[in-house]
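Q: After the structure tokens below, expect a handful of questions from me.
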Amino acid sequence: MSFANLSQLGRSLVEGSLSDPEILKSTGREPPIRILPDASVIKIGGQSFIDRGRAAVFPLIDEIVENLGKHQMIIGTGGGSRARHAYSVAVDLGLPTGVMSVLGTFVSMQNARLINYLLAKHGIPFIEPAQFGQLSHYLDTRGAVIFFGMPPYTFWQENPKLGRIPPHRTDAGAYLVSEVFGCKRMLYIKDEEGLFTADPKKDPTARFIERISVRELKAMNLPDLAVEHPVLDMMENAASRRSIQIINGLVKGNLTRALNGEKIGTEIYAD
Amino acid sequence: MRAISPNQFDQRHHLDSMLMRESLLDRSVQRSTETDGEIVRMLPDAQVVKVGGRSVVDQGRSVVRPVVDALAEALPKNRLIIGTGGGARTRHLYSIGIDLGMPVGVLAELAAADALGNAHILGTLLSPYGVVAIPPAMFGHLLPLFIRSVPGVIFTGVPPYSLWEHPSTVGRIPAHGSDAGCFLLAECFGAKAVTLIKDVDGLYEADPRHEPAARFIPEITTAELRDRKLPSLPFEPILLTLLDNARLVRQIQIVNGRRPETITAALAGEHVGTILRAG
């Protein structure tokens, strides 16, 4: 077999070892293209948002509709209380992490379908991972799509270092969509203003953090965090999406302001 | 279990459970899920075998046929889950894809097709012995059925990370290839053993192709291997992390496909190549 037409990088990839640090480094020399640079990925929290029901969700749906045609939105959903219930049952019964990942996927799928039906009359589709090939078409014609936030790792989910709950859940899954497509922004819609030094629901002395680097955030070693830990590591390695924004979706107008590029909520960035 | 209605303090609808109202990102909550109880082994009598793409399948008939014969010989005595890598076609795809500016997730998405092709190539050769190539979409869910229905199954070793592949620490090669996919599958299903069939006897203190006097390493822990800082490894480096975090599969064995008798021995539980242990 001849690979004479390949570049030098091409030949070293075909012939060399993929664990050779020099070869690996050469594969990152050119940045990747941004596939969907005008789209924003929006993750709607499960426990923090959808589980609040109509009072929280309906105003947000209205705001999403107001922004159709103005901003392309790739909308992912969290799991929330039912995922926690399923994980509790699974931990008690000794089920492996990969099986819990399957269970978590089912719950975030339910939430995605709920949001999908609320937006159905505007022609907004729900897509599964296998349908991401049609993502650009739907964004172009309808302005938004819904997906379930869980990454499709299922039985292949990595174990966490600590405990048994799948470490890569809907925050990571939504973030990775924003990174791979080189999207304009990654917004997390929660029920708090953003990131605090502790859980503001349990600790009234918790301080609000407006903007912080991943490095600073890791150095603080907070016992709890508003976003899944692996997202921080992924941001540090990211080629395109090097910051995320957490906003309070309970405040009317916040989504629109964030989509318009206003610095509201908390921004976490990789230096 | 009983559903809890929203109250004046908390407008969220909760389900009564151990993790109710908890942040799953809280370290103490994460620790609380580390229970002493045993984790279910779904397929304790199955073995996962990874057949290298470039190291075996791409080498052609003279290497592949003896590997197929060794696997065929082992099939009546074992339940084999065989995974394959993508080999040269995946390397070629990476080089063209990177040249065209594709991100790591797209490379991972497209590379799965090469390993699937190799699964069908090996699946065809192993078909006379009852091995079935299973489409990825149903593989995980129907594995317990197939593994009890046929002598062996073969699948694309590449895990379904696809567009959701993690950004790489260095460069843009997907971290979760077929070595990782085979290991993660074995760990989730609690398989008895993981064997990687490569084109070297195992690990050496230096690359034996450049330094023929390099000493063989029959057994090593992940910590010792990290300390040695070898310039390259005959398997995906992420395996070290996956082994460290594993609960059910705490070691893998690397054997040489060019010495098919080592495949037979390894599948019989013998120590013939390099054993890499978590620790």
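By convention in this document, the chains of the structure tokens carry letters A, B, ... by their order, each chain's residues are numbered from 1, and ligands are numbered from 1 in the order they are shown.
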May I have the residues within 7 Å of Val67 in chain B as a compact mmCIF listing (two decimals) with N, CA and C atoms, in the first residue's frame, using only C-alpha atoms and disregarding those fewer than 3 positions away in the same chain?
A:
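Written file, part_34.txt:
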```txt
# COMPACT_ATOMS: atom_id res chain seq x y z
N VAL B 63 -0.56 -13.11 8.73
CA VAL B 63 -0.72 -12.84 10.16
C VAL B 63 -2.15 -13.12 10.61
N VAL B 64 -3.12 -12.75 9.76
CA VAL B 64 -4.53 -12.82 10.18
C VAL B 64 -5.01 -14.26 10.32
N ALA B 70 -6.34 -19.35 15.99
CA ALA B 70 -6.20 -19.39 17.45
C ALA B 70 -7.51 -19.02 18.14
N LEU B 71 -8.20 -18.01 17.61
CA LEU B 71 -9.49 -17.62 18.20
C LEU B 71 -10.51 -18.75 18.02
N GLY B 257 0.16 -11.21 18.26
CA GLY B 257 -0.60 -11.94 17.26
C GLY B 257 0.27 -12.73 16.31
N PRO B 260 0.70 -16.95 17.58
CA PRO B 260 -0.70 -17.28 17.91
C PRO B 260 -0.83 -18.20 19.13
```
Q: I need the contact residues of chain B against chain A, so if you could list those with any atom within 7 Å, counting only C-alpha atoms, and return them as a PyMOL selection string, that would help.
A: chain B and resi 11-15+17-20+25-27+30-34+37-40+88+91-92+95+98+101-103+105+140+159-161+163-164+166-173+181+184-185+188+231-233+236-237+242+245-246
Q: Go ahead and save the picked residues with C-alpha atoms, as a JSON list (two decimals), in the first residue's frame.
A:
```json
[["chain", "number", "residue", "atom", "x", "y", "z"],
["B", 11, "GLN", "CA", -40.18, 25.00, 44.02],
["B", 12, "ARG", "CA", -38.62, 21.94, 42.45],
["B", 13, "HIS", "CA", -40.58, 18.71, 42.21],
["B", 14, "HIS", "CA", -38.38, 16.07, 43.80],
["B", 15, "LEU", "CA", -38.54, 12.31, 43.91],
["B", 17, "SER", "CA", -34.44, 9.15, 47.02],
["B", 18, "MET", "CA", -30.98, 9.10, 48.55],
["B", 19, "LEU", "CA", -29.81, 11.74, 46.07],
["B", 20, "MET", "CA", -32.95, 13.90, 46.32],
["B", 25, "LEU", "CA", -21.29, 17.61, 41.85],
["B", 26, "ASP", "CA", -20.80, 17.70, 45.62],
["B", 27, "ARG", "CA", -17.78, 15.57, 46.52],
["B", 30, "GLN", "CA", -20.17, 11.49, 45.17],
["B", 31, "ARG", "CA", -18.31, 9.70, 47.96],
["B", 32, "SER", "CA", -21.58, 8.48, 49.45],
["B", 33, "THR", "CA", -22.22, 6.51, 46.26],
["B", 34, "GLU", "CA", -19.00, 4.54, 46.82],
["B", 37, "GLY", "CA", -21.55, -3.68, 48.11],
["B", 38, "GLU", "CA", -20.40, -5.67, 45.14],
["B", 39, "ILE", "CA", -20.99, -4.36, 41.66],
["B", 40, "VAL", "CA", -22.97, -6.71, 39.46],
["B", 88, "ALA", "CA", -4.32, 2.11, 8.48],
["B", 91, "ARG", "CA", -4.76, 6.72, 10.32],
["B", 92, "HIS", "CA", -5.40, 7.85, 6.75],
["B", 95, "SER", "CA", -4.50, 12.70, 8.29],
["B", 98, "ILE", "CA", -6.92, 17.03, 10.19],
["B", 101, "GLY", "CA", -9.66, 21.14, 9.72],
["B", 102, "MET", "CA", -12.00, 18.61, 11.28],
["B", 103, "PRO", "CA", -12.32, 18.69, 15.08],
["B", 105, "GLY", "CA", -15.25, 14.68, 17.56],
["B", 140, "GLY", "CA", -24.55, -3.11, 24.11],
["B", 159, "PRO", "CA", -16.72, 3.20, 21.77],
["B", 160, "PRO", "CA", -19.71, 5.35, 20.73],
["B", 161, "TYR", "CA", -18.06, 8.64, 21.75],
["B", 163, "LEU", "CA", -19.00, 13.77, 18.15],
["B", 164, "TRP", "CA", -18.82, 13.64, 21.96],
["B", 166, "HIS", "CA", -13.25, 14.61, 24.62],
["B", 167, "PRO", "CA", -10.84, 17.30, 23.40],
["B", 168, "SER", "CA", -7.37, 15.71, 23.45],
["B", 169, "THR", "CA", -4.69, 16.83, 25.90],
["B", 170, "VAL", "CA", -2.20, 17.07, 23.03],
["B", 171, "GLY", "CA", -3.13, 17.38, 19.37],
["B", 172, "ARG", "CA", -6.29, 16.05, 17.84],
["B", 173, "ILE", "CA", -6.22, 12.23, 17.85],
["B", 181, "GLY", "CA", -13.71, 0.79, 23.88],
["B", 184, "LEU", "CA", -14.74, 0.02, 28.95],
["B", 185, "LEU", "CA", -17.09, -2.66, 27.63],
["B", 188, "CYS", "CA", -19.13, -2.35, 32.43],
["B", 231, "PRO", "CA", 8.31, 7.39, 24.53],
["B", 232, "SER", "CA", 5.49, 5.33, 23.06],
["B", 233, "LEU", "CA", 3.15, 2.55, 24.16],
["B", 236, "GLU", "CA", -3.85, 3.77, 23.91],
["B", 237, "PRO", "CA", -2.41, 5.74, 26.84],
["B", 242, "LEU", "CA", -9.34, 3.66, 32.81],
["B", 245, "ASN", "CA", -10.65, 3.89, 37.94],
["B", 246, "ALA", "CA", -11.85, 0.37, 37.14]]
```
Q: Of the candidates A:Phe126, A:Tyr138, A:Phe58, A:Phe208, which shows the shortest atom-to-atom distance to Gln72 in chain A, using only C-alpha atoms?
A: A:Tyr138
Q: I need the alpha helix (DSSP H) residues of range 35-264 of chain B per DSSP on the backbone, written as a PyMOL selection string.
A: chain B and resi 61-74+88-99+104-126+136-149+178-189+222-228+238-244+260-264
Q: Quick one: distance from CA of Ala270 in chain A to CA of Glu216 in chain A in Å, one decimal?
A: 9.6 Å
Q: Could you write out, as a list in words, all the residues of range 55-242 of chain A that DSSP marks as strand (DSSP E or B)?
A: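 Those residues are Gln72, Met73, Ile74, Ile75, Gly76, Thr77, Phe126, Ala144, Val145, Ile146, Phe147, Phe148, Arg185, Met186, Leu187, Tyr188, Ile189, Lys190, Leu195, Phe196, Phe208, Ile209, Arg211, Ile212 and Ser213 of chain A.
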Q: Can you measure CA of Ala278 in chain B to CA of Ala186 in chain B for me? One decimal in Å is fine.
A: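 Going from CA of Ala278 in chain B over to CA of Ala186 in chain B, I get 14.7 Å.
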Q: What does the distance from CA of Pro151 in chain B to CA of Arg89 in chain B come to in Å, to one decimal?
A: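 About the pair CA of Pro151 in chain B and CA of Arg89 in chain B: they are 28.9 Å apart.
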Q: Just the residues within 8 Å of Thr222 in chain B, please, counting only C-alpha atoms, with nothing from its chain fewer than 5 positions along; format it as a PyMOL selection string.
A: chain B and resi 240+243-244+276-279
Q: Take the selection from the previous step and output its residues with C-alpha atoms, as a PDB file, in the first residue's frame.
A:
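Full text of out.pdb as output:
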```
ATOM      1  CA  LEU B 240      -3.835   3.690  32.305  1.00  0.00           C
ATOM      2  CA  LEU B 243      -7.552   0.835  34.657  1.00  0.00           C
ATOM      3  CA  ASP B 244      -6.944   3.044  37.704  1.00  0.00           C
ATOM      4  CA  LEU B 276      -0.609  -4.350  33.081  1.00  0.00           C
ATOM      5  CA  ARG B 277      -2.256  -3.943  36.481  1.00  0.00           C
ATOM      6  CA  ALA B 278      -4.031  -1.044  38.114  1.00  0.00           C
ATOM      7  CA  GLY B 279      -2.001   0.286  40.977  1.00  0.00           C
TER       8      GLY B 279
END
```
Q: Closest to Tyr188 in chain A among A:Asn221, A:Thr77, A:Ser136, A:Thr256, using only C-alpha atoms?
A: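 Under the stated criterion, the closest residue is A:Thr77.
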Q: May I ask which of the residues B:Arg226, B:Pro66, B:Cys182, B:Gly60 is the closest one to Thr262 in chain B, counting only C-alpha atoms?
A: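 Comparing B:Arg226, B:Pro66, B:Cys182, B:Gly60 against Thr262 in chain B, the winner is B:Pro66.
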Q: With distances taken over only C-alpha atoms, which of B:Ala268, B:Phe146, B:Pro174, B:Glu211 is nearest to Tyr94 in chain B?
A: B:Pro174
